[in-house]
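Asks: The structure is given below, and queries will be raised subsequently.
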Amino acid sequence: MRNLRCWPAGASWQAWSLILLTATACGRSPVPPPVPVASHEIRPFTGTWIATGTRQTLTLEPGRQAAIFNLTGSLLLSGKERLKLGFKADVIGFSDTSQGMQGRSVWTDDKGEKVFSDLRGQAVGPGNLVEGRFVGGTGRYAGVSGEYSFTWKYLVDNEEGMVSGRVVGLKGWARLASPGAASSTAGGQP
């Protein structure tokens, strides 16, 4: 910050006001506030999701396995119109190498409000596509709809059943219900 000298003798306050106004007007413009999005508009997002948990595997026949899994982790969304910046994400599911994967996910925000989704895809494994579909929520997410997709990348996968990983390429969209419709479905179950 520059050191400003005292008011010079003979200078008018109008001249100094004009100089000060010109100097501040030429500075950086303020960052505009986010554009409000109507509740019924589509909100595209991308994100990152890291999860840890357990998996129990049953070998059925040569080349075929079935597994149940339970994961929890942090989900961060980006995009101007995302639902929220961060969620705690819990997932449970069943995977069969010949039948694919089915799961359920609950995203919980910092206020305890939840977003429910169904997951489907190829058997859980590195690089396999997983697709999610929002099926409702609580609070401001009651009546939410939309879809998202990602692929899974293992970071840890050991014989004791401990797993850890992250999603790659998480992208999707969501639409919040209008306020009248949301209040009629508040507390809905997935």
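Ordered as shown in the structure tokens, chains take letters A, B, and onward, while each chain numbers its residues from 1 and ligands are numbered from 1 in the order shown.
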Determine, counting only C-alpha atoms, which protein, DNA and RNA residues have an atom within 9 Å of an atom of segment 100-116 of chain A; residues of the same chain fewer than 5 positions away are not included. Present the result as a PyMOL selection string.
Replies: chain A and resi 69+75+84-95+121-124+130+132-142+144+189-190
Asks: Please provide the set of residues having any atom within 8 Å of segment 146-156 of chain A, restricted to only C-alpha atoms, with same-chain residues fewer than 2 positions apart removed, written as a list in words.
Replies: Val124, Gly125, Pro126, Gly127, Asn128, Leu129, Val130, Glu131, Gly132, Arg133, Phe134, Val135, Val144, Asn158, Met162, Val163, Ser164, Gly165, Arg166, Val167, Val168, Gly169, Leu170, Lys171, Gly172, Trp173, Ala174 and Arg175 of chain A
Asks: Tell me, in Å to one decimal, how far atom CA of Ile68 of chain A is from atom CA of Thr52 of chain A.
Replies: 13.8 Å
Asks: Closest to Ser145 of chain A among A:Thr54, A:Glu41, A:Ala177, A:Ser78, using only C-alpha atoms?
Replies: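 Under the stated criterion, the closest residue is A:Ala177.
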Asks: Run DSSP on the backbone of this structure and report the residues of segment 20-168 of chain A it assigns to helix (DSSP H, G or I), as a list of chain:residue names.
Replies: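 Selecting the helix (DSSP H, G or I) positions of segment 20-168 of chain A gives A:Leu20, A:Leu21, A:Thr22, A:Ala23, A:Thr24, A:Ala25, A:Gly139, A:Arg140, A:Tyr141.
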Asks: Create the file for the chosen residues now, containing all heavy atoms and written as a PDB file, in the first residue's frame.
Replies:
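Saved the output as again20.pdb:
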ATOM      1  N   LEU A  20      -9.604  10.386  -6.502  1.00  0.00           N
ATOM      2  CA  LEU A  20      -9.871   9.149  -5.753  1.00  0.00           C
ATOM      3  C   LEU A  20     -10.929   8.306  -6.465  1.00  0.00           C
ATOM      4  O   LEU A  20     -10.776   7.083  -6.591  1.00  0.00           O
ATOM      5  CB  LEU A  20     -10.316   9.486  -4.324  1.00  0.00           C
ATOM      6  CG  LEU A  20     -10.548   8.322  -3.400  1.00  0.00           C
ATOM      7  CD1 LEU A  20      -9.279   7.486  -3.251  1.00  0.00           C
ATOM      8  CD2 LEU A  20     -11.015   8.794  -2.050  1.00  0.00           C
ATOM      9  N   LEU A  21     -11.977   8.926  -6.938  1.00  0.00           N
ATOM     10  CA  LEU A  21     -13.023   8.202  -7.659  1.00  0.00           C
ATOM     11  C   LEU A  21     -12.469   7.563  -8.929  1.00  0.00           C
ATOM     12  O   LEU A  21     -12.753   6.407  -9.236  1.00  0.00           O
ATOM     13  CB  LEU A  21     -14.177   9.153  -7.994  1.00  0.00           C
ATOM     14  CG  LEU A  21     -15.371   8.550  -8.724  1.00  0.00           C
ATOM     15  CD1 LEU A  21     -15.998   7.460  -7.874  1.00  0.00           C
ATOM     16  CD2 LEU A  21     -16.376   9.597  -9.070  1.00  0.00           C
ATOM     17  N   THR A  22     -11.651   8.281  -9.677  1.00  0.00           N
ATOM     18  CA  THR A  22     -11.050   7.752 -10.895  1.00  0.00           C
ATOM     19  C   THR A  22     -10.125   6.581 -10.585  1.00  0.00           C
ATOM     20  O   THR A  22     -10.130   5.563 -11.265  1.00  0.00           O
ATOM     21  CB  THR A  22     -10.266   8.858 -11.633  1.00  0.00           C
ATOM     22  OG1 THR A  22     -11.154   9.941 -11.897  1.00  0.00           O
ATOM     23  CG2 THR A  22      -9.677   8.331 -12.934  1.00  0.00           C
ATOM     24  N   ALA A  23      -9.334   6.699  -9.514  1.00  0.00           N
ATOM     25  CA  ALA A  23      -8.398   5.629  -9.149  1.00  0.00           C
ATOM     26  C   ALA A  23      -9.138   4.357  -8.751  1.00  0.00           C
ATOM     27  O   ALA A  23      -8.751   3.253  -9.127  1.00  0.00           O
ATOM     28  CB  ALA A  23      -7.481   6.084  -8.021  1.00  0.00           C
ATOM     29  N   THR A  24     -10.207   4.486  -7.994  1.00  0.00           N
ATOM     30  CA  THR A  24     -10.940   3.282  -7.579  1.00  0.00           C
ATOM     31  C   THR A  24     -11.747   2.703  -8.728  1.00  0.00           C
ATOM     32  O   THR A  24     -11.923   1.498  -8.811  1.00  0.00           O
ATOM     33  CB  THR A  24     -11.867   3.571  -6.382  1.00  0.00           C
ATOM     34  OG1 THR A  24     -12.748   4.633  -6.732  1.00  0.00           O
ATOM     35  CG2 THR A  24     -11.063   3.921  -5.146  1.00  0.00           C
ATOM     36  N   ALA A  25     -12.210   3.536  -9.643  1.00  0.00           N
ATOM     37  CA  ALA A  25     -12.986   3.026 -10.783  1.00  0.00           C
ATOM     38  C   ALA A  25     -12.110   2.251 -11.747  1.00  0.00           C
ATOM     39  O   ALA A  25     -12.582   1.365 -12.447  1.00  0.00           O
ATOM     40  CB  ALA A  25     -13.669   4.187 -11.504  1.00  0.00           C
ATOM     41  N   GLY A 139     -35.441 -32.535   2.630  1.00  0.00           N
ATOM     42  CA  GLY A 139     -35.217 -31.090   2.668  1.00  0.00           C
ATOM     43  C   GLY A 139     -35.284 -30.486   1.281  1.00  0.00           C
ATOM     44  O   GLY A 139     -36.168 -30.799   0.496  1.00  0.00           O
ATOM     45  N   ARG A 140     -34.304 -29.661   0.955  1.00  0.00           N
ATOM     46  CA  ARG A 140     -34.314 -28.982  -0.348  1.00  0.00           C
ATOM     47  C   ARG A 140     -34.145 -29.940  -1.519  1.00  0.00           C
ATOM     48  O   ARG A 140     -34.385 -29.593  -2.665  1.00  0.00           O
ATOM     49  CB  ARG A 140     -33.245 -27.891  -0.393  1.00  0.00           C
ATOM     50  CG  ARG A 140     -31.828 -28.402  -0.467  1.00  0.00           C
ATOM     51  CD  ARG A 140     -30.823 -27.254  -0.428  1.00  0.00           C
ATOM     52  NE  ARG A 140     -30.841 -26.513  -1.663  1.00  0.00           N
ATOM     53  CZ  ARG A 140     -29.849 -26.491  -2.541  1.00  0.00           C
ATOM     54  NH1 ARG A 140     -28.743 -27.149  -2.305  1.00  0.00           N
ATOM     55  NH2 ARG A 140     -29.935 -25.799  -3.647  1.00  0.00           N
ATOM     56  N   TYR A 141     -33.712 -31.184  -1.248  1.00  0.00           N
ATOM     57  CA  TYR A 141     -33.519 -32.178  -2.309  1.00  0.00           C
ATOM     58  C   TYR A 141     -34.739 -33.077  -2.511  1.00  0.00           C
ATOM     59  O   TYR A 141     -34.704 -33.968  -3.354  1.00  0.00           O
ATOM     60  CB  TYR A 141     -32.300 -33.044  -2.016  1.00  0.00           C
ATOM     61  CG  TYR A 141     -31.054 -32.237  -1.711  1.00  0.00           C
ATOM     62  CD1 TYR A 141     -30.466 -32.281  -0.457  1.00  0.00           C
ATOM     63  CD2 TYR A 141     -30.479 -31.413  -2.675  1.00  0.00           C
ATOM     64  CE1 TYR A 141     -29.336 -31.540  -0.168  1.00  0.00           C
ATOM     65  CE2 TYR A 141     -29.349 -30.671  -2.390  1.00  0.00           C
ATOM     66  CZ  TYR A 141     -28.782 -30.732  -1.130  1.00  0.00           C
ATOM     67  OH  TYR A 141     -27.661 -29.990  -0.840  1.00  0.00           O
TER      68      TYR A 141
END
Asks: Quick one, how far is atom CA of Thr59 of chain A from atom CA of Gly73 of chain A?
Replies: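 A separation of 27.1 Å between them.
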Asks: Enter the distance from atom CA of Gly161 of chain A to atom CA of Ala66 of chain A, in Å, rounded to one decimal.
Replies: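 These two atoms are separated by 13.0 Å.
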